[in-house]
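To start, the structure itself, in structure tokens.
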Number of protein chains: 2
Amino acid sequence: MDTARATAQLPLRERKKLRTRQALVDTALELFTERGFDGVTLDELCDAVEVSKRTFFRTFTSKEDVATAPLHDLWRAFLDELEEARPDGGPLHELLRDVLLAALDRMPGEEWAHRVLLSRRLAAHNPSMGAHGLAFCDRTGRAALDVVVRRFDLGGTPDGPDHLRAHLAVDLLVAAWHRGLETWTAEAAGTDGAARPTRADLAAAFRRACAALPGSLTLTAHPDPGCA
Amino acid sequence: MDTARATAQLPLRERKKLRTRQALVDTALELFTERGFDGVTLDELCDAVEVSKRTFFRTFTSKEDVATAPLHDLWRAFLDELEEARPDGGPLHELLRDVLLAALDRMPGEEWAHRVLLSRRLAAHNPSMGAHGLAFCDRTGRAALDVVVRRFDLGGTPDGPDHLRAHLAVDLLVAAWHRGLETWTAEAAGTDGAARPTRADLAAAFRRACAALPGSLTLTAHPDPGCA
DNA sequence: ATGGCTTGTGCCACTGAGTGGCATTGTTGC
DNA sequence: GCAACAATGCCACTCAGTGGCACAAGCCAT
């Protein structure tokens, strides 16, 4: 695989660490998917990868963490891209959207997409997985906001109402991302087996969710005439 | 002894349960605030309230749960109010905002506000508390969406793009709520001691966050000329 | 290569959250 | 009062997560 060549320059130690890390992620997703998140103990996972539990906790912060790793990679790329983004005077939320799409484009293809799919399915069926994912997005959102207020000129006084708007813009991005993920995984449930949802599908679903944001503010509600 | 009126309203058993429940919440918030969430074991908390740990877990689902109880009450009231809301053809997000404000109005005054304040401070400093709160809001948001699509006519085909917009509208509400909470607790940090933030302040902060939602979509970003 | 030096790993014992089962106590209805 | 029943207390247990220390594997001289 390409990762072997890309990491060939790294010291042997680092490569070994990355290898066990990847083995832990893959095996965890496999075992959790097979027997459920609660149906697999850390001891079993560590036995399967032939690693001590102590080492596991040097690599990941929690049992949930190992199964959320694919998303971590994406958001780290997002923050990297954001750090180098050049605002052009357009709406902030469009900039954020494009930065996230660029980060998505950096992810290593369909293998990654499949891991994300497994991870999201676990999160959908396990409360602690879901909570961990939400908390991670929240933390990342705050980090993103820090970058935005540090690097961009939003035209208002610092700590004024524009700071609140910027924070909300980040929240909107995260909300759209979650809706995109959700419809994407729902599509996956429909197409069984062969036709797996691709990274491009995920990007499209996310774009659609972003496009639906303005409409979500104007959407009107009427009493349901259904009892007629 | 208890008055005939009180006995008539609720069986003794139920009252006892509610009393220990409230004692657990109050003592937990007190101890956690004093010594930190991780600095208090459940055994200590249970000793303080003179309740067995087994009973604790019959009342609350987790250690985090007991410290999030004040918010639970609010969102339960929100769902109740939503169940009886009559849409008037106005924007959905305004309806949701008003329903949440109405629920807020039902909360038992400043004592409740103080408990919320303690709870949020804990959540701000403890990752697992924060994650628990986010997961709870997410679950409640989904429940709210169910009510909306069941009771309201959104004018589109079921499961069409309007469903996505409705879900985003709920997400927007939750995001605005979180920002309102955040600015409210920040105000509390400024005014030390005597002048505690009130429930009315919280409602105002939430209103402001809701009002900032449209602007968060149009907020523009320019390169920071900050080195001037 | 062979020595020290650093760094990651394994092992062991431990804390603390959360659960299941069963006996006991207290409440309710007759 | 007495049977029926629910809530509680108690005990033992699983498992996630941590600290400490000994050991081994990679790194870097000479």
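FYI, nothing fancy with the structure tokens labels: chains A, B, ... in order, residues from 1 per chain, ligands from 1 as they appear.
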Residues of chain B that approach chain A to 7 Å or less, counting only C-alpha atoms: could you list each one with the shortest pair of atoms and its distance in Å to one decimal, rows by chain and increasing residue number, as JSON lines?
```
{"residue": "B:Arg86", "atom": "CA", "partner": "A:Pro223", "partner_atom": "CA", "distance": 6.5}
{"residue": "B:Pro87", "atom": "CA", "partner": "A:His222", "partner_atom": "CA", "distance": 5.2}
{"residue": "B:Asp88", "atom": "CA", "partner": "A:His222", "partner_atom": "CA", "distance": 6.0}
{"residue": "B:Gly89", "atom": "CA", "partner": "A:His222", "partner_atom": "CA", "distance": 4.8}
{"residue": "B:Gly90", "atom": "CA", "partner": "A:Thr220", "partner_atom": "CA", "distance": 5.3}
{"residue": "B:Pro91", "atom": "CA", "partner": "A:Thr220", "partner_atom": "CA", "distance": 4.2}
{"residue": "B:Leu92", "atom": "CA", "partner": "A:Thr220", "partner_atom": "CA", "distance": 5.0}
{"residue": "B:His93", "atom": "CA", "partner": "A:Leu217", "partner_atom": "CA", "distance": 6.3}
{"residue": "B:Gly130", "atom": "CA", "partner": "A:Ala135", "partner_atom": "CA", "distance": 6.9}
{"residue": "B:Ala131", "atom": "CA", "partner": "A:Ala135", "partner_atom": "CA", "distance": 4.9}
{"residue": "B:His132", "atom": "CA", "partner": "A:Ala131", "partner_atom": "CA", "distance": 6.3}
{"residue": "B:Leu134", "atom": "CA", "partner": "A:Leu134", "partner_atom": "CA", "distance": 6.5}
{"residue": "B:Ala135", "atom": "CA", "partner": "A:Ala131", "partner_atom": "CA", "distance": 4.9}
{"residue": "B:Arg151", "atom": "CA", "partner": "A:Asp224", "partner_atom": "CA", "distance": 5.7}
{"residue": "B:Phe152", "atom": "CA", "partner": "A:Asp224", "partner_atom": "CA", "distance": 4.6}
{"residue": "B:Asp153", "atom": "CA", "partner": "A:Asp224", "partner_atom": "CA", "distance": 4.4}
{"residue": "B:Leu154", "atom": "CA", "partner": "A:Ala221", "partner_atom": "CA", "distance": 5.0}
{"residue": "B:Arg165", "atom": "CA", "partner": "A:Ser216", "partner_atom": "CA", "distance": 4.5}
{"residue": "B:Ala166", "atom": "CA", "partner": "A:Ser216", "partner_atom": "CA", "distance": 6.2}
{"residue": "B:Leu168", "atom": "CA", "partner": "A:Ser216", "partner_atom": "CA", "distance": 6.0}
{"residue": "B:Ala169", "atom": "CA", "partner": "A:Ser216", "partner_atom": "CA", "distance": 5.1}
{"residue": "B:Asp171", "atom": "CA", "partner": "A:Ala175", "partner_atom": "CA", "distance": 6.2}
{"residue": "B:Leu172", "atom": "CA", "partner": "A:Leu172", "partner_atom": "CA", "distance": 6.9}
{"residue": "B:Ala175", "atom": "CA", "partner": "A:Asp171", "partner_atom": "CA", "distance": 6.2}
{"residue": "B:Ala212", "atom": "CA", "partner": "A:Arg165", "partner_atom": "CA", "distance": 5.9}
{"residue": "B:Leu213", "atom": "CA", "partner": "A:Leu168", "partner_atom": "CA", "distance": 6.8}
{"residue": "B:Gly215", "atom": "CA", "partner": "A:Arg165", "partner_atom": "CA", "distance": 6.4}
{"residue": "B:Ser216", "atom": "CA", "partner": "A:Arg165", "partner_atom": "CA", "distance": 4.4}
{"residue": "B:Leu217", "atom": "CA", "partner": "A:His93", "partner_atom": "CA", "distance": 6.3}
{"residue": "B:Thr218", "atom": "CA", "partner": "A:Pro91", "partner_atom": "CA", "distance": 5.5}
{"residue": "B:Leu219", "atom": "CA", "partner": "A:Pro91", "partner_atom": "CA", "distance": 5.5}
{"residue": "B:Thr220", "atom": "CA", "partner": "A:Pro91", "partner_atom": "CA", "distance": 4.2}
{"residue": "B:Ala221", "atom": "CA", "partner": "A:Leu154", "partner_atom": "CA", "distance": 5.0}
{"residue": "B:His222", "atom": "CA", "partner": "A:Gly89", "partner_atom": "CA", "distance": 4.8}
{"residue": "B:Pro223", "atom": "CA", "partner": "A:Phe152", "partner_atom": "CA", "distance": 5.1}
{"residue": "B:Asp224", "atom": "CA", "partner": "A:Asp153", "partner_atom": "CA", "distance": 4.4}
```
Using only C-alpha atoms, please write the residues we just selected to a file, as a short mmCIF file (atom, residue, chain, number, x, y, z; two decimals), in the first residue's frame.
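Output contents, as saved in selection.cif:
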```cif
data_model
loop_
_atom_site.label_atom_id
_atom_site.label_comp_id
_atom_site.auth_asym_id
_atom_site.auth_seq_id
_atom_site.Cartn_x
_atom_site.Cartn_y
_atom_site.Cartn_z
CA ARG B 86 -50.41 25.22 17.48
CA PRO B 87 -48.40 26.35 14.46
CA ASP B 88 -49.66 29.56 12.86
CA GLY B 89 -47.93 29.36 9.51
CA GLY B 90 -44.88 31.27 10.76
CA PRO B 91 -41.28 30.08 10.57
CA LEU B 92 -40.72 26.76 12.31
CA HIS B 93 -37.64 27.94 14.12
CA GLY B 130 -19.94 17.80 28.52
CA ALA B 131 -20.34 14.73 26.35
CA HIS B 132 -23.31 13.56 28.38
CA LEU B 134 -24.46 16.98 24.24
CA ALA B 135 -25.76 13.46 23.82
CA ARG B 151 -48.03 16.92 14.20
CA PHE B 152 -47.15 19.65 11.73
CA ASP B 153 -47.67 20.10 8.05
CA LEU B 154 -44.42 21.35 6.57
CA ARG B 165 -34.71 21.39 6.71
CA ALA B 166 -36.83 20.59 9.73
CA LEU B 168 -31.63 21.46 10.63
CA ALA B 169 -34.11 23.87 12.20
CA ASP B 171 -30.23 21.70 15.21
CA LEU B 172 -30.24 25.48 14.92
CA ALA B 175 -27.04 25.46 18.77
CA ALA B 212 -28.11 36.13 15.59
CA LEU B 213 -28.87 33.00 13.56
CA GLY B 215 -26.64 36.92 10.56
CA SER B 216 -24.46 33.87 11.07
CA LEU B 217 -25.30 32.83 7.50
CA THR B 218 -24.38 36.19 6.00
CA LEU B 219 -21.35 36.95 8.16
CA THR B 220 -18.40 37.57 5.88
CA ALA B 221 -14.73 36.94 6.49
CA HIS B 222 -11.81 39.02 5.30
CA PRO B 223 -8.09 38.44 5.74
CA ASP B 224 -7.05 39.86 9.08
#
```
Open item on the list: Please check the contacts: residues of chain C at most 12 Å away from chain B, using only C-alpha atoms (C1' of nucleotides), listed as a list in words.
Closed with: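 Applying the cut-off to the listed atoms yields DT15, DG16, DA17, DG18, DT19, DG20, DG26, DT27 and DT28 of chain C.
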- [ ] Mind running a least-squares superposition of chain B onto chain A over all the C-alpha atoms, in order, and reading off the RMSD?
- [x]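 The fitted C-alpha deviation between chain A and chain B is 2.0 Å.
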Task: Atomic separation - CA of Glu34 in chain A relative to CA of Phe56 in chain A, Å - done: 20.3 Å
Open item on the list: From a backbone DSSP assignment, name each residue in range 36-136 of chain A labelled helix (DSSP H, G or I), as an MDAnalysis selection string.
Closed with: chainID A and resid 42:49 53:59 63:84 92:106 109:125 127:136
Convert the current residue selection to file output with C-alpha atoms, as a compact mmCIF listing (two decimals), in the first residue's frame.
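Wrote part-v3.txt, looks like this:
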```txt
# COMPACT_ATOMS: atom_id res chain seq x y z
CA LEU A 42 -10.68 -4.35 25.61
CA ASP A 43 -8.83 -7.44 26.76
CA GLU A 44 -10.26 -9.38 23.82
CA LEU A 45 -9.36 -6.61 21.38
CA CYS A 46 -5.84 -6.40 22.76
CA ASP A 47 -5.45 -10.16 22.63
CA ALA A 48 -6.54 -10.15 19.00
CA VAL A 49 -3.94 -7.52 18.08
CA LYS A 53 -3.98 -3.11 27.39
CA ARG A 54 -1.46 -0.61 28.72
CA THR A 55 -0.25 0.03 25.19
CA PHE A 56 -3.80 0.49 23.98
CA PHE A 57 -4.29 3.37 26.38
CA ARG A 58 -1.02 4.92 25.31
CA THR A 59 -2.41 5.05 21.75
CA LYS A 63 -12.54 2.45 24.09
CA GLU A 64 -14.78 4.79 22.10
CA ASP A 65 -11.78 6.65 20.79
CA VAL A 66 -10.40 3.78 18.75
CA ALA A 67 -13.66 3.41 16.86
CA THR A 68 -13.89 7.14 16.11
CA ALA A 69 -10.38 7.42 14.68
CA PRO A 70 -11.46 7.84 11.01
CA LEU A 71 -13.39 11.00 11.85
CA HIS A 72 -10.46 12.32 13.87
CA ASP A 73 -8.32 12.21 10.75
CA LEU A 74 -10.86 14.24 8.81
CA TRP A 75 -11.21 16.99 11.37
CA ARG A 76 -7.49 17.24 11.89
CA ALA A 77 -7.16 17.81 8.14
CA PHE A 78 -9.98 20.34 8.41
CA LEU A 79 -8.10 22.35 11.01
CA ASP A 80 -4.93 22.15 8.93
CA GLU A 81 -6.72 23.44 5.86
CA LEU A 82 -8.43 26.14 7.86
CA GLU A 83 -5.10 27.34 9.11
CA GLU A 84 -4.08 28.10 5.54
CA LEU A 92 -17.90 32.60 6.42
CA HIS A 93 -20.05 29.51 6.35
CA GLU A 94 -19.25 28.95 2.67
CA LEU A 95 -15.58 29.22 3.44
CA LEU A 96 -15.91 26.69 6.23
CA ARG A 97 -17.88 24.39 3.96
CA ASP A 98 -15.21 24.52 1.28
CA VAL A 99 -12.46 23.92 3.81
CA LEU A 100 -14.23 20.83 5.07
CA LEU A 101 -14.75 19.62 1.50
CA ALA A 102 -11.06 20.12 0.84
CA ALA A 103 -10.21 18.13 3.95
CA LEU A 104 -12.58 15.40 2.81
CA ASP A 105 -10.73 15.35 -0.49
CA ARG A 106 -7.50 14.61 1.33
CA GLY A 109 -10.20 7.13 -0.66
CA GLU A 110 -12.87 4.51 -0.30
CA GLU A 111 -11.08 2.44 2.31
CA TRP A 112 -11.38 5.40 4.62
CA ALA A 113 -15.03 5.89 3.65
CA HIS A 114 -15.81 2.33 4.59
CA ARG A 115 -14.21 2.77 8.00
CA VAL A 116 -16.28 5.91 8.54
CA LEU A 117 -19.40 4.00 7.63
CA LEU A 118 -18.68 1.28 10.18
CA SER A 119 -17.85 3.90 12.79
CA ARG A 120 -21.09 5.80 12.22
CA ARG A 121 -23.17 2.66 12.38
CA LEU A 122 -21.64 1.88 15.74
CA ALA A 123 -22.34 5.42 16.91
CA ALA A 124 -25.95 5.13 15.81
CA HIS A 125 -26.51 2.04 17.93
CA PRO A 127 -25.02 5.84 23.22
CA SER A 128 -21.49 6.17 24.51
CA MET A 129 -20.10 6.04 20.99
CA GLY A 130 -22.55 8.72 19.91
CA ALA A 131 -21.71 10.91 22.88
CA HIS A 132 -18.00 10.58 22.21
CA GLY A 133 -18.46 11.62 18.60
CA LEU A 134 -20.55 14.65 19.54
CA ALA A 135 -18.05 15.74 22.16
CA PHE A 136 -15.24 15.44 19.67
```
- [ ] Mind checking which residues fall within 12 Å of DG3 in chain C, counting only C-alpha atoms (C1' of nucleotides), ignoring those fewer than 6 positions away in the same chain, and posting them as a PyMOL selection string?
- [x] chain D and resi 28-30
Next, write the just-selected residues to a file, as a compact mmCIF listing (two decimals), in the first residue's frame, keeping C-alpha atoms (C1' of nucleotides) as the atom set.
```txt
# COMPACT_ATOMS: atom_id res chain seq x y z
C1' DC D 28 23.53 6.89 18.35
C1' DA D 29 27.91 7.32 19.51
C1' DT D 30 32.82 5.71 19.06
```
Task: Interface, chain D side, toward chain B (12 Å; only C-alpha atoms (C1' of nucleotides)) as a PyMOL selection string - done: chain D and resi 6-11
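Between C1' of DA24 in chain D and C1' of DC11 in chain C the interatomic distance comes to 13.1 Å.
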TODO: Give me, please, the distance in Å between CA of Arg199 in chain A and CA of Trp177 in chain A, quoted to one decimal.
DONE: 13.3 Å
